[in-house]
Amino acid sequence: MIEDALRYQTQGDDWVKRVALGGVVLFFGFLLVPLFTFQGYMLEVMRRVLRGETDAPPAWDELDLVDITVDGVRHAVIVMGYGLLLTLVLALPVLLIIGGGIGDSGGLLLLGFLIAALLYFIGVLAMAVILPVATGNFVRADSIAAGFDRDVLSSVGTSRTMLMAVVMAFAVNVIVSVGATILGFTIVGYLAVPFLAFVGQSAIMYVWGRGFADAYEEEYGEPPLAPTTATGGTHGSGPATTGTTPSVDEPIGDSDTDQPSWSDDTDESGFGTSAWDDAGDGDSGRRR
């Protein structure tokens with residue numbers, strides 16, 4: 001899985017152009033707007049992975065830059081919302097302890113700072129789990145409100161499939177960070193860091209997307225997004241629907257043979273629903 005994720009952006013004959021453009025956009029991220037554009041592109045990566053379309057990374061010239069920039073802004077609202085909520089929840093007990101320790105012995109103040117450090121660590125872990133699920137559900141439903149859906153956060157976020165994806169994404173981040181640190185020792189290498197970061201962030205979104213798709217299908221019995229043959233646009237298909245009637249021009253038969261299934265993923269990485277089901281277990285996922 002990690003190897004597939006890191007190789008994701010190197011697919012296709014035009015991968016050099018795609019990575020070059022991604023690195024340039026990130027390089028100008030200090031202007032803020034390109035940073036939202038960059039994040040919008042990453043959301044499109046995740047959207048395609050949720051559809052099961054992992055063999056063709058989005059080409060910059062097939063995307064509407066305004067659309068993906070707006071997507072990046074909308075996603076930033078979700079991130080800031082969780083950041084603010086987490087800050088308030090974690091800061092309140094610390095402020096109470098420190099406030100009670102003012103004018104008292106330094107022991108209570110020290111205790112307050114130790115608790116603050118512990119809560120900060122817990123908060124980082126919580127965000128590492130919550131953010132991928134919130135992002136996946138935002139992409140699935142194309143709605144900011146979906147990023148705060150407690151039902152999906154609790155069901156998908158506690159799935160061991162999703163938790164394994166979080167761990168794998170962390171491993172990808174470590175690999176990319178080490179590579180960026182090594183490149184940073186030289187001027188030429190430093191200039192290459194944005195391009196490496198583009199590949200690395202795409203890999204993280206790839207892993208998040210695979211994990212969310214597998215965990216969502218385990219819990220709800222359907223893929224988060226229906227596959228589409230469209231190659232352009234950023235919102236080519238909505239959430240997957242079931243029970244649709246085939247048209248008269250479509251052959252009637254076992255449609256499962258024509259649709260990709262995340263839960264049957266048995267690639268060498270072992271990542272997917274089948275990797276977590278014990279032999280002899282029945283359908284452990286929730287069905288709706």
# chains A, B, ... in the order shown; residues from 1 in each chain; ligands from 1
$ residues_around --residues "stretch 158-165 of chain A" --least-positions-apart "6" --cutoff "7 Å" --atoms "only C-alpha atoms" --output "ChimeraX atom specification"
/A:207-208,211-212,214-215
$ write_last_selection --atoms "N, CA, C and O atoms" --output "mmCIF file, in the first residue's frame"
data_model
loop_
_atom_site.group_PDB
_atom_site.id
_atom_site.type_symbol
_atom_site.label_atom_id
_atom_site.label_comp_id
_atom_site.auth_asym_id
_atom_site.auth_seq_id
_atom_site.Cartn_x
_atom_site.Cartn_y
_atom_site.Cartn_z
ATOM 1 N N VAL A 207 -3.701 7.021 0.548
ATOM 2 C CA VAL A 207 -3.880 6.085 1.663
ATOM 3 C C VAL A 207 -5.152 6.408 2.436
ATOM 4 O O VAL A 207 -5.930 5.510 2.789
ATOM 5 N N TRP A 208 -5.382 7.680 2.715
ATOM 6 C CA TRP A 208 -6.623 8.078 3.392
ATOM 7 C C TRP A 208 -7.839 7.623 2.597
ATOM 8 O O TRP A 208 -8.806 7.099 3.169
ATOM 9 N N GLY A 211 -8.287 3.804 2.758
ATOM 10 C CA GLY A 211 -8.752 3.414 4.090
ATOM 11 C C GLY A 211 -10.199 3.799 4.317
ATOM 12 O O GLY A 211 -10.995 2.995 4.822
ATOM 13 N N PHE A 212 -10.567 5.022 3.935
ATOM 14 C CA PHE A 212 -11.944 5.466 4.136
ATOM 15 C C PHE A 212 -12.905 4.642 3.286
ATOM 16 O O PHE A 212 -13.979 4.250 3.753
ATOM 17 N N ASP A 214 -12.577 1.547 2.142
ATOM 18 C CA ASP A 214 -12.718 0.195 2.695
ATOM 19 C C ASP A 214 -13.569 0.205 3.960
ATOM 20 O O ASP A 214 -14.486 -0.606 4.119
ATOM 21 N N ALA A 215 -13.255 1.126 4.875
ATOM 22 C CA ALA A 215 -13.968 1.177 6.151
ATOM 23 C C ALA A 215 -15.431 1.568 5.944
ATOM 24 O O ALA A 215 -16.326 1.023 6.603
#
$ closest_residue --among "A:Tyr82, A:Tyr206, A:Phe121, A:Phe38" --to "A:Tyr8" --atoms "only C-alpha atoms"
A:Tyr206
$ residues_around --residues "A:Ala56" --least-positions-apart "6" --cutoff "10 Å" --atoms "only C-alpha atoms" --output "PDB file with N, CA, C and O atoms, in the first residue's frame"
ATOM      1  N   TYR A   8       1.988   6.664  -6.911  1.00  0.00           N
ATOM      2  CA  TYR A   8       0.727   7.101  -7.508  1.00  0.00           C
ATOM      3  C   TYR A   8       0.931   8.219  -8.522  1.00  0.00           C
ATOM      4  O   TYR A   8       0.413   8.170  -9.637  1.00  0.00           O
ATOM      5  N   GLN A   9       1.686   9.254  -8.163  1.00  0.00           N
ATOM      6  CA  GLN A   9       1.858  10.400  -9.045  1.00  0.00           C
ATOM      7  C   GLN A   9       2.850  10.137 -10.185  1.00  0.00           C
ATOM      8  O   GLN A   9       3.009  10.990 -11.055  1.00  0.00           O
ATOM      9  N   THR A  10       3.511   9.011 -10.184  1.00  0.00           N
ATOM     10  CA  THR A  10       4.460   8.713 -11.264  1.00  0.00           C
ATOM     11  C   THR A  10       3.815   7.897 -12.376  1.00  0.00           C
ATOM     12  O   THR A  10       4.511   7.419 -13.273  1.00  0.00           O
ATOM     13  N   GLN A  11       2.503   7.725 -12.339  1.00  0.00           N
ATOM     14  CA  GLN A  11       1.799   6.979 -13.376  1.00  0.00           C
ATOM     15  C   GLN A  11       1.511   7.880 -14.579  1.00  0.00           C
ATOM     16  O   GLN A  11       1.256   9.071 -14.427  1.00  0.00           O
ATOM     17  N   GLY A  12       1.537   7.292 -15.754  1.00  0.00           N
ATOM     18  CA  GLY A  12       1.216   8.024 -16.969  1.00  0.00           C
ATOM     19  C   GLY A  12       2.437   8.668 -17.610  1.00  0.00           C
ATOM     20  O   GLY A  12       3.460   8.886 -16.962  1.00  0.00           O
ATOM     21  N   TRP A  15       3.578  12.383 -16.224  1.00  0.00           N
ATOM     22  CA  TRP A  15       3.711  12.538 -14.776  1.00  0.00           C
ATOM     23  C   TRP A  15       4.706  13.635 -14.400  1.00  0.00           C
ATOM     24  O   TRP A  15       4.530  14.320 -13.379  1.00  0.00           O
ATOM     25  N   VAL A  45      -7.758  14.099  -5.767  1.00  0.00           N
ATOM     26  CA  VAL A  45      -7.055  12.812  -5.691  1.00  0.00           C
ATOM     27  C   VAL A  45      -7.858  11.846  -4.824  1.00  0.00           C
ATOM     28  O   VAL A  45      -8.122  10.701  -5.205  1.00  0.00           O
ATOM     29  N   ARG A  48     -11.116  10.576  -6.486  1.00  0.00           N
ATOM     30  CA  ARG A  48     -10.927   9.511  -7.477  1.00  0.00           C
ATOM     31  C   ARG A  48     -10.595   8.184  -6.816  1.00  0.00           C
ATOM     32  O   ARG A  48     -11.027   7.131  -7.282  1.00  0.00           O
ATOM     33  N   VAL A  49      -9.851   8.251  -5.737  1.00  0.00           N
ATOM     34  CA  VAL A  49      -9.540   7.016  -5.015  1.00  0.00           C
ATOM     35  C   VAL A  49     -10.812   6.436  -4.413  1.00  0.00           C
ATOM     36  O   VAL A  49     -11.012   5.217  -4.409  1.00  0.00           O
ATOM     37  N   THR A 231     -13.643  11.781 -17.016  1.00  0.00           N
ATOM     38  CA  THR A 231     -12.264  12.084 -16.649  1.00  0.00           C
ATOM     39  C   THR A 231     -12.078  13.522 -16.235  1.00  0.00           C
ATOM     40  O   THR A 231     -11.042  13.877 -15.702  1.00  0.00           O
TER      41      THR A 231
END
$ residues_around --residues "A:Ala192" --least-positions-apart "2" --cutoff "10 Å" --atoms "only C-alpha atoms" --output "ChimeraX atom specification"
/A:20,23-24,27,180,183-184,186-190,194-197
$ residues_around --residues "A:Leu119" --least-positions-apart "2" --cutoff "12 Å" --atoms "only C-alpha atoms" --output "JSON, numbers by chain"
{"A": [86, 87, 88, 89, 90, 91, 92, 93, 94, 112, 113, 114, 115, 116, 117, 121, 122, 123, 124, 125, 126]}
$ closest_residue --among "A:Gln201, A:Thr228, A:Thr69, A:Thr135" --to "A:Ala169" --atoms "only C-alpha atoms"
A:Gln201
$ atom_distance --atom1 "atom CA of A:Val79" --atom2 "atom CA of A:Leu111"
29.8 Å
$ atom_distance --atom1 "atom CA of A:Glu217" --atom2 "atom CA of A:Asp71"
24.3 Å
$ select_by_dssp --residues "stretch 26-206 of chain A" --states "alpha helix (DSSP H)" --output "VMD selection string"
chain A and resid 26 to 27 33 to 50 65 to 101 106 to 141 150 to 157 160 to 183 187 to 206
$ atom_distance --atom1 "atom CA of A:Val129" --atom2 "atom CA of A:Val166"
6.5 Å
$ closest_residue --among "A:Ala203, A:Leu32, A:Val19, A:Leu191" --to "A:Asp4" --atoms "only C-alpha atoms"
A:Ala203
$ residues_around --residues "A:Val25" --least-positions-apart "6" --cutoff "8 Å" --atoms "only C-alpha atoms" --output "VMD selection string"
chain A and resid 34 to 35 37 to 38
$ write_last_selection --atoms "N, CA and C atoms" --output "short mmCIF file (atom, residue, chain, number, x, y, z; two decimals), in the first residue's frame"
data_model
loop_
_atom_site.label_atom_id
_atom_site.label_comp_id
_atom_site.auth_asym_id
_atom_site.auth_seq_id
_atom_site.Cartn_x
_atom_site.Cartn_y
_atom_site.Cartn_z
N PRO A 34 -2.85 29.93 -3.86
CA PRO A 34 -2.32 28.68 -4.43
C PRO A 34 -2.33 27.52 -3.42
N LEU A 35 -2.25 27.85 -2.14
CA LEU A 35 -2.31 26.80 -1.12
C LEU A 35 -3.68 26.13 -1.11
N THR A 37 -5.63 26.05 -3.73
CA THR A 37 -5.67 25.31 -5.00
C THR A 37 -4.98 23.96 -4.85
N PHE A 38 -3.83 23.98 -4.20
CA PHE A 38 -3.09 22.74 -3.95
C PHE A 38 -3.94 21.75 -3.16
#
